[in-house]
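Next comes run08.pdb, a file with PDB, C-alpha atoms.
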ATOM      1  CA  MET A   1      83.973 -76.897 -20.056  1.00  0.00           C
ATOM      2  CA  TYR A   2      84.171 -76.373 -23.820  1.00  0.00           C
ATOM      3  CA  GLN A   3      87.683 -76.284 -25.284  1.00  0.00           C
ATOM      4  CA  LEU A   4      88.788 -75.954 -28.896  1.00  0.00           C
ATOM      5  CA  LYS A   5      90.371 -79.084 -30.329  1.00  0.00           C
ATOM      6  CA  TYR A   6      93.786 -79.302 -31.928  1.00  0.00           C
ATOM      7  CA  PHE A   7      93.807 -79.669 -35.722  1.00  0.00           C
ATOM      8  CA  ILE A   8      96.430 -81.802 -37.488  1.00  0.00           C
ATOM      9  CA  HIS A   9      97.089 -82.237 -41.194  1.00  0.00           C
ATOM     10  CA  ILE A  10      96.813 -85.529 -43.089  1.00  0.00           C
ATOM     11  CA  PRO A  11      98.727 -85.439 -46.387  1.00  0.00           C
ATOM     12  CA  ILE A  12      96.928 -87.441 -49.073  1.00  0.00           C
ATOM     13  CA  HIS A  13      97.776 -85.910 -52.441  1.00  0.00           C
ATOM     14  CA  ASP A  14     100.825 -88.058 -53.238  1.00  0.00           C
ATOM     15  CA  ARG A  15      98.698 -91.136 -52.693  1.00  0.00           C
ATOM     16  CA  MET A  16      95.804 -89.738 -54.725  1.00  0.00           C
ATOM     17  CA  GLU A  17      98.104 -88.791 -57.609  1.00  0.00           C
ATOM     18  CA  GLU A  18      99.433 -92.341 -57.651  1.00  0.00           C
ATOM     19  CA  PHE A  19      95.893 -93.686 -57.436  1.00  0.00           C
ATOM     20  CA  TYR A  20      94.635 -91.707 -60.460  1.00  0.00           C
ATOM     21  CA  LEU A  21      97.439 -93.157 -62.578  1.00  0.00           C
ATOM     22  CA  LEU A  22      95.758 -96.568 -62.283  1.00  0.00           C
ATOM     23  CA  PRO A  23      93.585 -97.804 -65.173  1.00  0.00           C
ATOM     24  CA  ARG A  24      89.912 -96.872 -64.843  1.00  0.00           C
ATOM     25  CA  ASN A  25      88.576-100.350 -64.145  1.00  0.00           C
ATOM     26  CA  ARG A  26      87.076-102.456 -61.371  1.00  0.00           C
ATOM     27  CA  GLN A  27      90.472-102.932 -59.744  1.00  0.00           C
ATOM     28  CA  ARG A  28      90.846 -99.164 -59.376  1.00  0.00           C
ATOM     29  CA  PHE A  29      87.521 -99.012 -57.515  1.00  0.00           C
ATOM     30  CA  GLU A  30      88.576-101.879 -55.239  1.00  0.00           C
ATOM     31  CA  THR A  31      91.853-100.069 -54.539  1.00  0.00           C
ATOM     32  CA  TYR A  32      89.873 -96.944 -53.660  1.00  0.00           C
ATOM     33  CA  LEU A  33      87.720 -98.859 -51.169  1.00  0.00           C
ATOM     34  CA  GLU A  34      90.798-100.340 -49.523  1.00  0.00           C
ATOM     35  CA  MET A  35      92.377 -96.881 -49.225  1.00  0.00           C
ATOM     36  CA  LEU A  36      89.155 -95.418 -47.825  1.00  0.00           C
ATOM     37  CA  LEU A  37      88.201 -98.215 -45.438  1.00  0.00           C
ATOM     38  CA  GLY A  38      91.394-100.192 -44.836  1.00  0.00           C
ATOM     39  CA  PRO A  39      91.903-103.919 -45.461  1.00  0.00           C
ATOM     40  CA  ASP A  40      89.090-105.006 -43.130  1.00  0.00           C
ATOM     41  CA  ARG A  41      86.718-102.260 -44.433  1.00  0.00           C
ATOM     42  CA  ALA A  42      85.366-101.654 -40.934  1.00  0.00           C
ATOM     43  CA  ASP A  43      85.414 -97.840 -40.979  1.00  0.00           C
ATOM     44  CA  ILE A  44      86.968 -94.866 -42.748  1.00  0.00           C
ATOM     45  CA  VAL A  45      90.737 -94.771 -42.251  1.00  0.00           C
ATOM     46  CA  LEU A  46      91.634 -92.246 -44.977  1.00  0.00           C
ATOM     47  CA  PRO A  47      89.150 -89.391 -45.512  1.00  0.00           C
ATOM     48  CA  ILE A  48      88.882 -89.398 -49.331  1.00  0.00           C
ATOM     49  CA  ALA A  49      85.159 -90.038 -49.757  1.00  0.00           C
ATOM     50  CA  SER A  50      84.601 -86.913 -51.854  1.00  0.00           C
ATOM     51  CA  PHE A  51      87.102 -88.023 -54.506  1.00  0.00           C
ATOM     52  CA  ASN A  52      85.511 -89.673 -57.516  1.00  0.00           C
ATOM     53  CA  PRO A  53      87.261 -93.081 -57.708  1.00  0.00           C
ATOM     54  CA  MET A  54      86.560 -93.293 -61.435  1.00  0.00           C
ATOM     55  CA  GLY A  55      87.597 -89.695 -62.144  1.00  0.00           C
ATOM     56  CA  LYS A  56      89.245 -88.959 -65.485  1.00  0.00           C
ATOM     57  CA  ASP A  57      92.417 -87.108 -66.423  1.00  0.00           C
ATOM     58  CA  LEU A  58      90.956 -83.782 -65.238  1.00  0.00           C
ATOM     59  CA  VAL A  59      91.083 -84.924 -61.607  1.00  0.00           C
ATOM     60  CA  LEU A  60      94.718 -85.983 -61.919  1.00  0.00           C
ATOM     61  CA  SER A  61      95.544 -82.655 -63.572  1.00  0.00           C
ATOM     62  CA  LYS A  62      93.881 -80.676 -60.758  1.00  0.00           C
ATOM     63  CA  ILE A  63      95.664 -82.707 -58.083  1.00  0.00           C
ATOM     64  CA  ARG A  64      98.926 -81.769 -59.767  1.00  0.00           C
ATOM     65  CA  GLU A  65      97.860 -78.106 -59.820  1.00  0.00           C
ATOM     66  CA  LEU A  66      97.234 -78.274 -56.078  1.00  0.00           C
ATOM     67  CA  LYS A  67     100.616 -79.907 -55.549  1.00  0.00           C
ATOM     68  CA  GLN A  68     102.338 -77.311 -57.720  1.00  0.00           C
ATOM     69  CA  ILE A  69     101.245 -74.479 -55.421  1.00  0.00           C
ATOM     70  CA  ASP A  70     101.960 -76.662 -52.352  1.00  0.00           C
ATOM     71  CA  ALA A  71      98.330 -76.620 -51.200  1.00  0.00           C
ATOM     72  CA  GLU A  72      98.996 -79.137 -48.454  1.00  0.00           C
ATOM     73  CA  GLY A  73     101.937 -77.075 -47.205  1.00  0.00           C
ATOM     74  CA  ILE A  74      99.640 -74.028 -47.073  1.00  0.00           C
ATOM     75  CA  ILE A  75      97.082 -76.017 -45.082  1.00  0.00           C
ATOM     76  CA  LYS A  76      99.764 -77.283 -42.677  1.00  0.00           C
ATOM     77  CA  THR A  77     100.934 -73.709 -42.041  1.00  0.00           C
ATOM     78  CA  THR A  78      97.338 -72.501 -41.641  1.00  0.00           C
ATOM     79  CA  LEU A  79      96.664 -75.184 -39.031  1.00  0.00           C
ATOM     80  CA  GLU A  80      99.797 -74.247 -37.147  1.00  0.00           C
ATOM     81  CA  GLU A  81      98.586 -70.643 -37.059  1.00  0.00           C
ATOM     82  CA  PHE A  82      95.148 -71.711 -35.845  1.00  0.00           C
ATOM     83  CA  ASN A  83      96.563 -74.024 -33.184  1.00  0.00           C
ATOM     84  CA  ALA A  84      98.793 -71.230 -31.914  1.00  0.00           C
ATOM     85  CA  ARG A  85      95.610 -69.233 -31.242  1.00  0.00           C
ATOM     86  CA  VAL A  86      94.036 -72.203 -29.451  1.00  0.00           C
ATOM     87  CA  GLY A  87      96.932 -72.752 -27.080  1.00  0.00           C
ATOM     88  CA  LYS A  88      97.370 -76.021 -25.208  1.00  0.00           C
ATOM     89  CA  PRO A  89      96.028 -78.939 -27.270  1.00  0.00           C
ATOM     90  CA  THR A  90      93.261 -81.160 -25.961  1.00  0.00           C
ATOM     91  CA  ASP A  91      93.480 -84.940 -25.720  1.00  0.00           C
ATOM     92  CA  THR A  92      91.439 -85.288 -28.922  1.00  0.00           C
ATOM     93  CA  THR A  93      92.753 -84.048 -32.260  1.00  0.00           C
ATOM     94  CA  VAL A  94      90.875 -83.326 -35.489  1.00  0.00           C
ATOM     95  CA  SER A  95      92.405 -84.580 -38.735  1.00  0.00           C
ATOM     96  CA  VAL A  96      92.275 -82.175 -41.693  1.00  0.00           C
ATOM     97  CA  ALA A  97      92.592 -83.403 -45.275  1.00  0.00           C
ATOM     98  CA  LEU A  98      92.087 -81.383 -48.449  1.00  0.00           C
ATOM     99  CA  ASN A  99      89.443 -83.098 -50.599  1.00  0.00           C
ATOM    100  CA  LEU A 100      88.975 -82.529 -54.319  1.00  0.00           C
ATOM    101  CA  VAL A 101      85.447 -82.767 -55.732  1.00  0.00           C
ATOM    102  CA  ASP A 102      84.888 -83.216 -59.468  1.00  0.00           C
ATOM    103  CA  ASP A 103      82.036 -80.872 -60.416  1.00  0.00           C
ATOM    104  CA  ILE A 104      82.915 -80.922 -64.125  1.00  0.00           C
ATOM    105  CA  GLY A 105      83.833 -84.377 -65.333  1.00  0.00           C
ATOM    106  CA  GLY A 106      80.652 -86.336 -64.743  1.00  0.00           C
ATOM    107  CA  ALA A 107      77.553 -86.830 -62.635  1.00  0.00           C
ATOM    108  CA  TRP A 108      79.422 -87.801 -59.451  1.00  0.00           C
ATOM    109  CA  SER A 109      78.883 -84.496 -57.613  1.00  0.00           C
ATOM    110  CA  ASN A 110      76.456 -81.582 -57.835  1.00  0.00           C
ATOM    111  CA  ARG A 111      78.433 -78.484 -56.828  1.00  0.00           C
ATOM    112  CA  TYR A 112      75.738 -76.914 -54.669  1.00  0.00           C
ATOM    113  CA  THR A 113      74.258 -79.927 -52.865  1.00  0.00           C
ATOM    114  CA  THR A 114      77.748 -81.246 -52.135  1.00  0.00           C
ATOM    115  CA  ASP A 115      78.861 -77.861 -50.833  1.00  0.00           C
ATOM    116  CA  TYR A 116      75.773 -77.656 -48.594  1.00  0.00           C
ATOM    117  CA  ALA A 117      76.386 -81.108 -47.106  1.00  0.00           C
ATOM    118  CA  SER A 118      80.077 -80.375 -46.531  1.00  0.00           C
ATOM    119  CA  LYS A 119      79.238 -77.288 -44.430  1.00  0.00           C
ATOM    120  CA  PHE A 120      75.866 -77.974 -42.814  1.00  0.00           C
ATOM    121  CA  ASP A 121      75.337 -81.762 -42.812  1.00  0.00           C
ATOM    122  CA  PHE A 122      78.664 -83.523 -42.143  1.00  0.00           C
ATOM    123  CA  THR A 123      77.681 -85.702 -39.176  1.00  0.00           C
ATOM    124  CA  GLY A 124      79.664 -88.715 -40.405  1.00  0.00           C
ATOM    125  CA  THR A 125      82.969 -86.879 -40.686  1.00  0.00           C
ATOM    126  CA  PHE A 126      82.350 -84.831 -37.542  1.00  0.00           C
ATOM    127  CA  LYS A 127      81.872 -87.871 -35.314  1.00  0.00           C
ATOM    128  CA  ARG A 128      85.112 -89.325 -36.702  1.00  0.00           C
ATOM    129  CA  ASN A 129      86.984 -86.069 -35.964  1.00  0.00           C
ATOM    130  CA  PHE A 130      87.666 -85.374 -39.639  1.00  0.00           C
ATOM    131  CA  CYS A 131      87.572 -81.842 -41.038  1.00  0.00           C
ATOM    132  CA  LEU A 132      87.555 -81.879 -44.848  1.00  0.00           C
ATOM    133  CA  PRO A 133      87.923 -78.604 -46.753  1.00  0.00           C
ATOM    134  CA  TYR A 134      86.362 -79.125 -50.186  1.00  0.00           C
ATOM    135  CA  PHE A 135      87.921 -77.830 -53.379  1.00  0.00           C
ATOM    136  CA  TRP A 136      86.487 -78.130 -56.890  1.00  0.00           C
ATOM    137  CA  THR A 137      87.887 -79.151 -60.241  1.00  0.00           C
ATOM    138  CA  SER A 138      86.251 -76.027 -61.715  1.00  0.00           C
ATOM    139  CA  GLU A 139      88.290 -73.695 -59.484  1.00  0.00           C
ATOM    140  CA  ILE A 140      91.483 -71.735 -59.997  1.00  0.00           C
ATOM    141  CA  TYR A 141      93.668 -72.339 -56.942  1.00  0.00           C
ATOM    142  CA  THR A 142      95.652 -69.638 -55.161  1.00  0.00           C
ATOM    143  CA  GLU A 143      97.305 -69.491 -51.760  1.00  0.00           C
ATOM    144  CA  GLU A 144      94.513 -67.254 -50.438  1.00  0.00           C
ATOM    145  CA  VAL A 145      91.789 -69.587 -51.759  1.00  0.00           C
ATOM    146  CA  ILE A 146      93.463 -72.554 -50.052  1.00  0.00           C
ATOM    147  CA  ARG A 147      94.031 -70.749 -46.763  1.00  0.00           C
ATOM    148  CA  ARG A 148      90.583 -69.195 -46.529  1.00  0.00           C
ATOM    149  CA  ARG A 149      88.784 -72.413 -47.460  1.00  0.00           C
ATOM    150  CA  CYS A 150      90.708 -74.357 -44.855  1.00  0.00           C
ATOM    151  CA  LEU A 151      89.773 -71.861 -42.137  1.00  0.00           C
ATOM    152  CA  GLU A 152      86.119 -71.798 -43.205  1.00  0.00           C
ATOM    153  CA  TYR A 153      85.852 -75.536 -42.672  1.00  0.00           C
ATOM    154  CA  ILE A 154      87.766 -75.436 -39.399  1.00  0.00           C
ATOM    155  CA  TYR A 155      85.356 -72.871 -38.004  1.00  0.00           C
ATOM    156  CA  CYS A 156      82.357 -74.830 -39.310  1.00  0.00           C
ATOM    157  CA  PHE A 157      83.695 -77.753 -37.286  1.00  0.00           C
ATOM    158  CA  VAL A 158      84.248 -75.560 -34.228  1.00  0.00           C
ATOM    159  CA  HIS A 159      80.693 -74.221 -34.443  1.00  0.00           C
ATOM    160  CA  TRP A 160      79.338 -77.782 -34.523  1.00  0.00           C
ATOM    161  CA  GLN A 161      81.344 -78.507 -31.386  1.00  0.00           C
ATOM    162  CA  LYS A 162      79.669 -75.572 -29.694  1.00  0.00           C
ATOM    163  CA  MET A 163      76.140 -75.635 -31.116  1.00  0.00           C
ATOM    164  CA  GLY A 164      75.613 -78.936 -32.935  1.00  0.00           C
ATOM    165  CA  LYS A 165      74.124 -79.490 -36.368  1.00  0.00           C
ATOM    166  CA  PRO A 166      71.982 -76.561 -37.599  1.00  0.00           C
ATOM    167  CA  GLU A 167      68.316 -77.316 -38.225  1.00  0.00           C
ATOM    168  CA  THR A 168      66.444 -74.033 -38.764  1.00  0.00           C
ATOM    169  CA  LEU A 169      67.306 -71.302 -41.252  1.00  0.00           C
ATOM    170  CA  GLN A 170      68.333 -69.087 -38.335  1.00  0.00           C
ATOM    171  CA  GLN A 171      70.728 -71.739 -37.038  1.00  0.00           C
ATOM    172  CA  HIS A 172      72.260 -72.164 -40.495  1.00  0.00           C
ATOM    173  CA  LEU A 173      72.714 -68.413 -40.756  1.00  0.00           C
ATOM    174  CA  GLN A 174      74.182 -68.193 -37.250  1.00  0.00           C
ATOM    175  CA  GLN A 175      76.777 -70.814 -38.194  1.00  0.00           C
ATOM    176  CA  GLU A 176      77.813 -68.991 -41.367  1.00  0.00           C
ATOM    177  CA  VAL A 177      77.940 -65.613 -39.600  1.00  0.00           C
ATOM    178  CA  TYR A 178      80.135 -67.190 -36.917  1.00  0.00           C
ATOM    179  CA  VAL A 179      82.492 -68.578 -39.572  1.00  0.00           C
ATOM    180  CA  GLN A 180      82.756 -65.262 -41.411  1.00  0.00           C
ATOM    181  CA  ARG A 181      83.261 -63.345 -38.165  1.00  0.00           C
ATOM    182  CA  GLN A 182      86.198 -65.566 -37.233  1.00  0.00           C
ATOM    183  CA  LEU A 183      87.760 -64.892 -40.620  1.00  0.00           C
ATOM    184  CA  LEU A 184      87.876 -61.196 -39.746  1.00  0.00           C
ATOM    185  CA  GLN A 185      90.889 -62.107 -37.575  1.00  0.00           C
ATOM    186  CA  TYR A 186      92.776 -62.892 -40.778  1.00  0.00           C
ATOM    187  CA  SER A 187      93.732 -60.795 -43.782  1.00  0.00           C
ATOM    188  CA  PHE A 188      90.807 -61.684 -46.021  1.00  0.00           C
ATOM    189  CA  ASN A 189      88.382 -59.482 -47.892  1.00  0.00           C
ATOM    190  CA  VAL A 190      84.956 -60.329 -46.445  1.00  0.00           C
ATOM    191  CA  GLN A 191      83.035 -57.349 -47.739  1.00  0.00           C
ATOM    192  CA  GLY A 192      79.450 -57.869 -48.812  1.00  0.00           C
ATOM    193  CA  THR A 193      76.125 -56.075 -48.880  1.00  0.00           C
ATOM    194  CA  SER A 194      72.689 -57.471 -48.074  1.00  0.00           C
ATOM    195  CA  ALA A 195      69.514 -56.815 -50.025  1.00  0.00           C
ATOM    196  CA  ASP A 196      66.322 -55.901 -48.178  1.00  0.00           C
ATOM    197  CA  TYR A 197      64.590 -58.981 -49.607  1.00  0.00           C
ATOM    198  CA  ILE A 198      67.099 -61.537 -48.307  1.00  0.00           C
ATOM    199  CA  GLN A 199      67.129 -59.773 -44.933  1.00  0.00           C
ATOM    200  CA  GLU A 200      63.334 -59.970 -44.739  1.00  0.00           C
ATOM    201  CA  LEU A 201      63.393 -63.670 -45.639  1.00  0.00           C
ATOM    202  CA  ALA A 202      65.990 -64.322 -42.928  1.00  0.00           C
ATOM    203  CA  GLN A 203      63.732 -62.695 -40.335  1.00  0.00           C
ATOM    204  CA  VAL A 204      60.358 -64.069 -41.453  1.00  0.00           C
ATOM    205  CA  GLN A 205      61.634 -67.603 -42.132  1.00  0.00           C
ATOM    206  CA  ALA A 206      64.036 -67.846 -39.189  1.00  0.00           C
ATOM    207  CA  GLU A 207      62.432 -71.008 -37.764  1.00  0.00           C
ATOM    208  CA  ASN A 208      61.936 -72.722 -41.137  1.00  0.00           C
ATOM    209  CA  THR A 209      63.514 -76.196 -41.155  1.00  0.00           C
ATOM    210  CA  ASN A 210      62.653 -77.120 -44.755  1.00  0.00           C
ATOM    211  CA  TYR A 211      65.806 -78.264 -46.554  1.00  0.00           C
ATOM    212  CA  ASN A 212      64.697 -76.955 -49.964  1.00  0.00           C
ATOM    213  CA  PHE A 213      64.027 -73.475 -48.598  1.00  0.00           C
ATOM    214  CA  ILE A 214      67.292 -73.283 -46.652  1.00  0.00           C
ATOM    215  CA  PHE A 215      69.227 -74.554 -49.677  1.00  0.00           C
ATOM    216  CA  ASN A 216      67.549 -71.931 -51.875  1.00  0.00           C
ATOM    217  CA  PHE A 217      68.306 -69.194 -49.318  1.00  0.00           C
ATOM    218  CA  PHE A 218      72.037 -69.874 -49.418  1.00  0.00           C
ATOM    219  CA  TYR A 219      72.634 -70.991 -53.012  1.00  0.00           C
ATOM    220  CA  GLY A 220      69.950 -69.113 -54.970  1.00  0.00           C
ATOM    221  CA  ASP A 221      67.425 -69.896 -57.688  1.00  0.00           C
ATOM    222  CA  ALA A 222      69.866 -70.990 -60.388  1.00  0.00           C
ATOM    223  CA  ALA A 223      71.163 -73.861 -58.251  1.00  0.00           C
ATOM    224  CA  CYS A 224      67.608 -74.929 -57.419  1.00  0.00           C
ATOM    225  CA  GLU A 225      66.343 -74.844 -60.997  1.00  0.00           C
ATOM    226  CA  VAL A 226      68.888 -77.509 -61.986  1.00  0.00           C
ATOM    227  CA  LEU A 227      67.529 -79.752 -59.227  1.00  0.00           C
ATOM    228  CA  ASN A 228      63.851 -78.876 -59.770  1.00  0.00           C
ATOM    229  CA  TYR A 229      63.673 -77.361 -56.275  1.00  0.00           C
ATOM    230  CA  PRO A 230      61.240 -74.511 -55.491  1.00  0.00           C
ATOM    231  CA  THR A 231      62.627 -71.005 -55.995  1.00  0.00           C
ATOM    232  CA  ASN A 232      61.942 -67.738 -54.178  1.00  0.00           C
ATOM    233  CA  GLY A 233      63.558 -65.079 -56.341  1.00  0.00           C
ATOM    234  CA  ILE A 234      66.976 -65.362 -54.661  1.00  0.00           C
ATOM    235  CA  SER A 235      70.229 -64.545 -56.451  1.00  0.00           C
ATOM    236  CA  GLU A 236      73.228 -66.886 -56.540  1.00  0.00           C
ATOM    237  CA  LEU A 237      74.909 -67.431 -53.133  1.00  0.00           C
ATOM    238  CA  ALA A 238      72.833 -64.599 -51.627  1.00  0.00           C
ATOM    239  CA  GLY A 239      72.669 -66.232 -48.180  1.00  0.00           C
ATOM    240  CA  PHE A 240      76.450 -66.416 -47.929  1.00  0.00           C
ATOM    241  CA  VAL A 241      76.792 -62.778 -49.019  1.00  0.00           C
ATOM    242  CA  TYR A 242      74.223 -61.797 -46.392  1.00  0.00           C
ATOM    243  CA  ALA A 243      76.112 -63.725 -43.697  1.00  0.00           C
ATOM    244  CA  ARG A 244      79.367 -61.968 -44.619  1.00  0.00           C
ATOM    245  CA  SER A 245      77.602 -58.640 -44.384  1.00  0.00           C
ATOM    246  CA  LEU A 246      76.277 -59.453 -40.906  1.00  0.00           C
ATOM    247  CA  ALA A 247      79.707 -60.583 -39.793  1.00  0.00           C
ATOM    248  CA  SER A 248      81.379 -57.445 -41.125  1.00  0.00           C
ATOM    249  CA  ASN A 249      78.812 -55.255 -39.375  1.00  0.00           C
ATOM    250  CA  GLY A 250      79.127 -57.095 -36.065  1.00  0.00           C
ATOM    251  CA  GLN A 251      75.575 -58.446 -36.170  1.00  0.00           C
ATOM    252  CA  VAL A 252      74.258 -61.884 -35.189  1.00  0.00           C
TER     253      VAL A 252
END

Show how you would write the structure in this file as structure tokens.
Amino acid sequence: MYQLKYFIHIPIHDRMEEFYLLPRNRQRFETYLEMLLGPDRADIVLPIASFNPMGKDLVLSKIRELKQIDAEGIIKTTLEEFNARVGKPTDTTVSVALNLVDDIGGAWSNRYTTDYASKFDFTGTFKRNFCLPYFWTSEIYTEEVIRRRCLEYIYCFVHWQKMGKPETLQQHLQQEVYVQRQLLQYSFNVQGTSADYIQELAQVQAENTNYNFIFNFFYGDAACEVLNYPTNGISELAGFVYARSLASNGQV
């Protein structure tokens, strides 16, 4: 029988702050690999793969911003609240670590493709029982941003446990609606309205498995134009707004 797993917090920001004080040279990259994979480099031991090992001062500054508002303490408290809803823990736990992605200081990460993979295509971290809420160097961090983001990724993980990796547009949308519906249990503003056009696309293209189309549906034309992907007249993040609307209205 299906049972929710127990989520535990892995603190990493003290180690990452210390790491980004190292000179930006080959030795820093080797240190990063040892932190990520351990001395024998057999598998991931510390889930920091989204951090840019050669990140500049901006990354260090943003880590310190996250520490200043006690982001990891907020995540720890959020997990305790979630686990209290779950009840008795299972034998297997899921490790949660806040990851910082640099979407400003270089070509390491595209904001939209990285965000897509972190929510809809995270097989590698899922099979290792890692849940990694992504935060961006371009963001302003608040307690609500930290808490909500953490829960979004937890419920993405839970949906994968139940339904597996989404393939079709409909399955992607079902996952996001599930996530947003769970957030209604918490004190977040999840209001949103759906346009007739995006609703029609969701219905007509429900069984579409084309990555470019699904990406465009959720992230919009502007994100696709940067990547030279096809566009369909979709506004920025329209798919996520539509999913929030469905969740708020109690629809699937």

message = Expand the PyMOL selection byres ((chain A and resi 19) around 12) into the explicit residue set it covers here, and present it as JSON, numbers by chain.
response = {"A": [12, 13, 14, 15, 16, 17, 18, 20, 21, 22, 23, 24, 25, 27, 28, 29, 30, 31, 32, 33, 34, 35, 36, 48, 51, 52, 53, 54, 55, 56, 57, 59, 60, 63]}

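In this structure, CA of Leu169 (chain A) sits 16.7 Å away from CA of Phe122 (chain A).
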
key: Among the residues A:Asp221, A:Leu184, A:Tyr6, A:Asp196, the one that comes closest to Ala84 (chain A) [using only C-alpha atoms]   =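 Nearest to Ala84 (chain A): A:Tyr6.
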
task = Please provide the set of residues having any atom within 12 Å of Ile140 (chain A), restricted to only C-alpha atoms, with same-chain residues fewer than 3 positions apart removed, written as a PyMOL selection string.
result = chain A and resi 62-63+65-66+69+135-137+143-146

Using C-alpha atoms, can you export the residues from the last selection as a short mmCIF file (atom, residue, chain, number, x, y, z; two decimals), keeping the file's coordinate frame?
data_model
loop_
_atom_site.label_atom_id
_atom_site.label_comp_id
_atom_site.auth_asym_id
_atom_site.auth_seq_id
_atom_site.Cartn_x
_atom_site.Cartn_y
_atom_site.Cartn_z
CA LYS A 62 93.88 -80.68 -60.76
CA ILE A 63 95.66 -82.71 -58.08
CA GLU A 65 97.86 -78.11 -59.82
CA LEU A 66 97.23 -78.27 -56.08
CA ILE A 69 101.24 -74.48 -55.42
CA PHE A 135 87.92 -77.83 -53.38
CA TRP A 136 86.49 -78.13 -56.89
CA THR A 137 87.89 -79.15 -60.24
CA GLU A 143 97.30 -69.49 -51.76
CA GLU A 144 94.51 -67.25 -50.44
CA VAL A 145 91.79 -69.59 -51.76
CA ILE A 146 93.46 -72.55 -50.05
#

key: Separation of CA of His159 (chain A) from CA of Thr123 (chain A), in Å and rounded to one decimal   =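 Taking CA of His159 (chain A) and CA of Thr123 (chain A), their separation equals 12.8 Å.
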
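Distance check against Thr93 (chain A) using all atoms listed in the file: of A:Ala202, A:Ala71, A:Leu79, A:Leu227, the minimum falls on A:Leu79.
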
request  = Convert the output of the PyMOL selection byres ((chain A and resi 44) around 12) on the shown file into explicit residues, formatted as a VMD selection string.
outcome  = chain A and resid 32 to 43 45 to 49 124 to 125 127 to 130

message = For the PyMOL selection byres ((chain A and resi 75) around 10), applied here, can you spell out every residue it catches as a ChimeraX atom specification?
response = /A:8-11,70-74,76-81,96-98,133,143,146-151

query = From the set A:Thr142, A:Gln171, A:Gln180, A:Ser95, which residue has the shortest atom-to-atom contact distance to Leu246 (chain A), counting only C-alpha atoms?
reply =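 Checking each candidate against Leu246 (chain A), we get A:Gln180 as the closest.
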
inquiry  = Restricting the calculation to all atoms listed in the file: of A:Gln170, A:Gln185, A:Thr92, A:Thr114, which residue gets closest to Thr209 (chain A)?
reply    =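 Result for the nearest residue to Thr209 (chain A): A:Gln170.
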
ask   = What gap, in Å, lies between CA of Tyr153 (chain A) and CA of Leu132 (chain A)?
value = 6.9 Å
